[in-house]
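Accompanying notes for the structure given below.
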Amino acid sequence: MNLFLASLGFGLVTAAVLAIASVGFTMQFAVADVLNLAYAAVMIVGGYVAYAVNAAGVTIWLGLLTAAAAGSALSLLLNWWVYTPFQRRGTAPIAMVIVTLGMTLIIEFGVQAMVGGTNVSYRMSQGPTVRLGGIQLTAVQLVIIALSVVIMLGVHALLRHTRLGKAMRATAANRSLARACGIRTSRVVTTTWLVTGALCGVAGTVFAIDAGSFGATSTDLFLVLILAAVFLGGPGQPYGAMLGAVAIGLGTEISAGYLTPAYKDVTAFVVVLAVLAVRPTGILGSRA
């Protein structure tokens, strides 16, 4: 039981980090119609921006805000300078995936050329250990979970209770029809890149905090978990990404407690394959 509860605690933290990343990723895919594999590379840029701020003597939580701004700016530039020009030329979706993969390599190895190949860590204290029943978490881990919950509630409020959120959902459902109804879809797409870029920067920072140390390519494997969570919940479904993140986060960490930790990520795909075999569109995916 102690092993299960310890694994459950780690799973909650992993699910929290994964939820922030997955929701931003799936919103980009739904609204901008880009399967942005460079998402993880933007995450690591956000992590390093927060590291630079933290190394200057500023608390990592203020660095997290700087990382969010950097993620927004870089995501917007990627859309303006790379993705939109290709889309205007009628580039096929599979070719766009190759383009985003190319941007991943450019960004990651560009970062590595600037910062070097060694891992770095934030200057911060993990705080006291808090016991919740049989689950033990540090204060920082509790902050990460709380931050994720606040962000998920914020995304829900944005999508359901604001004009921008309704415009995002309309654009994701049918961009041509949304444009015919008077929605400025280009502006909605631009705003979506800004919002999801901020989520990406935050995800990169909390990922680095949870990992303890990180390098320029540390998020490569994490991108696989993001894809697993997104497709498990249903591509383009923010609420599905939340559910998928919880399932993948808990599944990987709990299985690591009972199986070889090196193979814990395999569990994620066993879960995905099992669900997709029954429901090919994901948990909340549309059959249309």
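Numbering starts fresh at 1 for the residues of each chain in the structure tokens, the chains themselves are lettered A, B, ... in the order given, and ligands are numbered from 1 as they appear.
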Where does segment 38-114 of chain A meet segment 9-32 of chain A within 10 Å, residue by residue, with the nearest atom pair and distance in Å to one decimal for each, counting only C-alpha atoms, listed by chain and rising number, as a tab-separated table?
```
residue	atom	partner	partner_atom	distance
A:Ala38	CA	A:Phe25	CA	10.0
A:Tyr39	CA	A:Phe25	CA	7.0
A:Ala40	CA	A:Ala21	CA	8.6
A:Met43	CA	A:Ala21	CA	8.5
A:Ser75	CA	A:Gln28	CA	10.0
A:Asn79	CA	A:Ala32	CA	8.9
A:Tyr83	CA	A:Ala32	CA	9.5
A:Thr84	CA	A:Ala32	CA	9.3
```
Checklist entry - Leaving out Val275 of chain A and any residue of its chain fewer than 6 positions from it, which residues lie within 10 Å of it when counting only C-alpha atoms, given as a list in words? => result Phe231, Leu232, Gly233, Phe269, Thr281, Gly282 and Ile283 of chain A
Can you write just those residues out, C-alpha atoms, as a CSV table (one decimal), in the first residue's frame?
```csv
chain,number,residue,atom,x,y,z
A,231,PHE,CA,-4.8,11.0,-28.7
A,232,LEU,CA,-6.1,9.1,-25.7
A,233,GLY,CA,-8.5,12.0,-24.9
A,269,PHE,CA,1.0,3.3,-25.1
A,281,THR,CA,-11.4,8.7,-31.9
A,282,GLY,CA,-10.3,8.8,-28.2
A,283,ILE,CA,-12.3,9.2,-25.1
```
Next on the checklist: For Leu62 of chain A, find every residue with an atom within 12 Å (counting only C-alpha atoms), except residues of its own chain fewer than 3 positions away, and show them as a PyMOL selection string.
Outcome noted: chain A and resi 49-59+65-69+202+205
Can those selected residues be exported to a file as a short mmCIF file (atom, residue, chain, number, x, y, z; two decimals), in the first residue's frame so that it contains N, CA and C atoms?
```cif
data_model
loop_
_atom_site.label_atom_id
_atom_site.label_comp_id
_atom_site.auth_asym_id
_atom_site.auth_seq_id
_atom_site.Cartn_x
_atom_site.Cartn_y
_atom_site.Cartn_z
N VAL A 49 14.71 30.01 -20.44
CA VAL A 49 14.46 31.42 -20.12
C VAL A 49 14.23 31.57 -18.62
N ALA A 50 13.45 30.68 -18.04
CA ALA A 50 13.24 30.71 -16.59
C ALA A 50 14.56 30.48 -15.85
N TYR A 51 15.41 29.61 -16.40
CA TYR A 51 16.71 29.35 -15.77
C TYR A 51 17.58 30.59 -15.78
N ALA A 52 17.59 31.33 -16.90
CA ALA A 52 18.38 32.55 -16.99
C ALA A 52 17.92 33.59 -15.97
N VAL A 53 16.61 33.71 -15.81
CA VAL A 53 16.06 34.65 -14.84
C VAL A 53 16.40 34.20 -13.42
N ASN A 54 16.26 32.90 -13.17
CA ASN A 54 16.55 32.35 -11.85
C ASN A 54 18.03 32.48 -11.50
N ALA A 55 18.91 32.29 -12.50
CA ALA A 55 20.35 32.41 -12.26
C ALA A 55 20.76 33.85 -11.93
N ALA A 56 19.91 34.81 -12.33
CA ALA A 56 20.18 36.21 -12.01
C ALA A 56 19.75 36.58 -10.60
N GLY A 57 19.23 35.59 -9.87
CA GLY A 57 18.85 35.84 -8.48
C GLY A 57 17.37 36.05 -8.25
N VAL A 58 16.57 35.83 -9.29
CA VAL A 58 15.12 36.03 -9.19
C VAL A 58 14.47 34.68 -8.90
N THR A 59 13.41 34.68 -8.10
CA THR A 59 12.71 33.45 -7.77
C THR A 59 12.19 32.76 -9.04
N LEU A 65 6.79 33.19 -15.14
CA LEU A 65 6.03 34.18 -15.91
C LEU A 65 6.81 34.64 -17.13
N THR A 66 8.12 34.80 -16.96
CA THR A 66 8.97 35.17 -18.09
C THR A 66 8.98 34.07 -19.14
N ALA A 67 9.01 32.82 -18.69
CA ALA A 67 8.97 31.69 -19.60
C ALA A 67 7.65 31.66 -20.38
N ALA A 68 6.55 32.00 -19.72
CA ALA A 68 5.25 32.05 -20.41
C ALA A 68 5.27 33.10 -21.51
N ALA A 69 5.85 34.26 -21.23
CA ALA A 69 5.95 35.32 -22.24
C ALA A 69 6.84 34.88 -23.40
N VAL A 202 4.96 27.74 -19.54
CA VAL A 202 4.71 27.31 -18.17
C VAL A 202 4.99 25.81 -18.03
N THR A 205 8.68 25.04 -17.81
CA THR A 205 9.28 25.38 -16.52
C THR A 205 8.91 24.37 -15.45
#
```
Item to check | Every residue of segment 42-161 of chain A that DSSP places in alpha helix (DSSP H), as a ChimeraX atom specification | outcome: /A:42-55,60-78,84-88,93-115,139-161
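For segment 126-129 of chain A, the non-local neighbours within 12 Å, defined as residues at least 4 positions apart in the same chain or in other chains and counting only C-alpha atoms, are Ile60, Tyr122, Ile135, Gln136, Leu137, Thr138, Ala139, Val140, Gln141, Leu142, Val143, Ile144, Ile209, Asp210 and Gly212 of chain A.
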Would you export the selected residues with N, CA, C and O atoms as a PDB file, in the first residue's frame, please?
```pdb
ATOM      1  N   ILE A  60      12.168  31.456  -9.017  1.00  0.00           N
ATOM      2  CA  ILE A  60      11.762  30.693 -10.190  1.00  0.00           C
ATOM      3  C   ILE A  60      10.313  30.959 -10.559  1.00  0.00           C
ATOM      4  O   ILE A  60       9.927  30.832 -11.728  1.00  0.00           O
ATOM      5  N   TYR A 122      17.536  24.517 -11.466  1.00  0.00           N
ATOM      6  CA  TYR A 122      17.122  25.787 -10.878  1.00  0.00           C
ATOM      7  C   TYR A 122      17.661  25.913  -9.453  1.00  0.00           C
ATOM      8  O   TYR A 122      17.868  24.904  -8.761  1.00  0.00           O
ATOM      9  N   ILE A 135       0.175   9.724   1.195  1.00  0.00           N
ATOM     10  CA  ILE A 135       0.907  10.345   0.093  1.00  0.00           C
ATOM     11  C   ILE A 135       1.818  11.428   0.646  1.00  0.00           C
ATOM     12  O   ILE A 135       1.374  12.289   1.411  1.00  0.00           O
ATOM     13  N   GLN A 136       3.078  11.397   0.276  1.00  0.00           N
ATOM     14  CA  GLN A 136       4.034  12.420   0.691  1.00  0.00           C
ATOM     15  C   GLN A 136       4.458  13.245  -0.519  1.00  0.00           C
ATOM     16  O   GLN A 136       4.941  12.695  -1.511  1.00  0.00           O
ATOM     17  N   LEU A 137       4.261  14.560  -0.435  1.00  0.00           N
ATOM     18  CA  LEU A 137       4.631  15.467  -1.506  1.00  0.00           C
ATOM     19  C   LEU A 137       5.365  16.664  -0.913  1.00  0.00           C
ATOM     20  O   LEU A 137       5.077  17.088   0.211  1.00  0.00           O
ATOM     21  N   THR A 138       6.290  17.206  -1.682  1.00  0.00           N
ATOM     22  CA  THR A 138       6.960  18.431  -1.237  1.00  0.00           C
ATOM     23  C   THR A 138       6.057  19.625  -1.501  1.00  0.00           C
ATOM     24  O   THR A 138       5.084  19.542  -2.273  1.00  0.00           O
ATOM     25  N   ALA A 139       6.403  20.739  -0.889  1.00  0.00           N
ATOM     26  CA  ALA A 139       5.617  21.959  -1.086  1.00  0.00           C
ATOM     27  C   ALA A 139       5.623  22.380  -2.547  1.00  0.00           C
ATOM     28  O   ALA A 139       4.600  22.834  -3.084  1.00  0.00           O
ATOM     29  N   VAL A 140       6.756  22.225  -3.214  1.00  0.00           N
ATOM     30  CA  VAL A 140       6.848  22.604  -4.631  1.00  0.00           C
ATOM     31  C   VAL A 140       5.942  21.715  -5.476  1.00  0.00           C
ATOM     32  O   VAL A 140       5.270  22.186  -6.405  1.00  0.00           O
ATOM     33  N   GLN A 141       5.906  20.424  -5.183  1.00  0.00           N
ATOM     34  CA  GLN A 141       5.033  19.520  -5.934  1.00  0.00           C
ATOM     35  C   GLN A 141       3.566  19.879  -5.742  1.00  0.00           C
ATOM     36  O   GLN A 141       2.773  19.824  -6.685  1.00  0.00           O
ATOM     37  N   LEU A 142       3.202  20.285  -4.532  1.00  0.00           N
ATOM     38  CA  LEU A 142       1.826  20.725  -4.290  1.00  0.00           C
ATOM     39  C   LEU A 142       1.513  22.002  -5.072  1.00  0.00           C
ATOM     40  O   LEU A 142       0.399  22.164  -5.584  1.00  0.00           O
ATOM     41  N   VAL A 143       2.486  22.892  -5.173  1.00  0.00           N
ATOM     42  CA  VAL A 143       2.291  24.118  -5.953  1.00  0.00           C
ATOM     43  C   VAL A 143       2.069  23.773  -7.421  1.00  0.00           C
ATOM     44  O   VAL A 143       1.216  24.376  -8.090  1.00  0.00           O
ATOM     45  N   ILE A 144       2.835  22.814  -7.936  1.00  0.00           N
ATOM     46  CA  ILE A 144       2.682  22.409  -9.338  1.00  0.00           C
ATOM     47  C   ILE A 144       1.281  21.855  -9.581  1.00  0.00           C
ATOM     48  O   ILE A 144       0.625  22.196 -10.577  1.00  0.00           O
ATOM     49  N   ILE A 209      11.274  21.863 -13.278  1.00  0.00           N
ATOM     50  CA  ILE A 209      11.241  21.822 -11.816  1.00  0.00           C
ATOM     51  C   ILE A 209      11.036  20.391 -11.341  1.00  0.00           C
ATOM     52  O   ILE A 209      11.725  19.906 -10.431  1.00  0.00           O
ATOM     53  N   ASP A 210      10.086  19.694 -11.951  1.00  0.00           N
ATOM     54  CA  ASP A 210       9.780  18.323 -11.546  1.00  0.00           C
ATOM     55  C   ASP A 210      10.942  17.374 -11.870  1.00  0.00           C
ATOM     56  O   ASP A 210      11.232  16.458 -11.086  1.00  0.00           O
ATOM     57  N   GLY A 212      14.128  18.094 -11.987  1.00  0.00           N
ATOM     58  CA  GLY A 212      15.300  18.370 -11.154  1.00  0.00           C
ATOM     59  C   GLY A 212      16.447  18.948 -11.940  1.00  0.00           C
ATOM     60  O   GLY A 212      17.075  19.915 -11.524  1.00  0.00           O
TER      61      GLY A 212
END
```
Checklist entry - Distance atom CA of Ala172 of chain A-atom CA of Tyr239 of chain A, one decimal place? => result 14.3 Å
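Among the candidates A:Ala262, A:Val270, A:Cys181, A:Ile226, the one nearest to Ala245 of chain A when counting only C-alpha atoms is A:Ile226.
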Checklist entry - Contacts of Ala180 of chain A at 12 Å or less, counting only C-alpha atoms, minus same-chain residues fewer than 6 places along, as a ChimeraX atom specification? => result /A:170-171,174
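Candidate residues A:Ala95, A:Val34, A:Leu243, A:Leu153 were compared for distance to Trp193 of chain A, and the nearest is A:Val34, using only C-alpha atoms.
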Checklist entry - Which polymer residues have any atom within 8 Å of an atom of segment 164-167 of chain A, counting only C-alpha atoms, with same-chain residues fewer than 5 positions away left out, as a list in words? => result Leu158, Leu159, Ala178, Ile183, Thr185 and Val188 of chain A
For the selection you just gave me, I'd like the residues written to a file as a short mmCIF file (atom, residue, chain, number, x, y, z; two decimals), in the first residue's frame, keeping C-alpha atoms.
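See out08.cif below for the written result:
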```
data_model
loop_
_atom_site.label_atom_id
_atom_site.label_comp_id
_atom_site.auth_asym_id
_atom_site.auth_seq_id
_atom_site.Cartn_x
_atom_site.Cartn_y
_atom_site.Cartn_z
CA LEU A 158 -11.99 30.78 -21.40
CA LEU A 159 -13.65 28.22 -23.66
CA ALA A 178 -16.96 30.79 -38.67
CA ILE A 183 -15.59 35.81 -36.83
CA THR A 185 -10.56 33.67 -37.72
CA VAL A 188 -8.52 34.01 -33.34
#
```
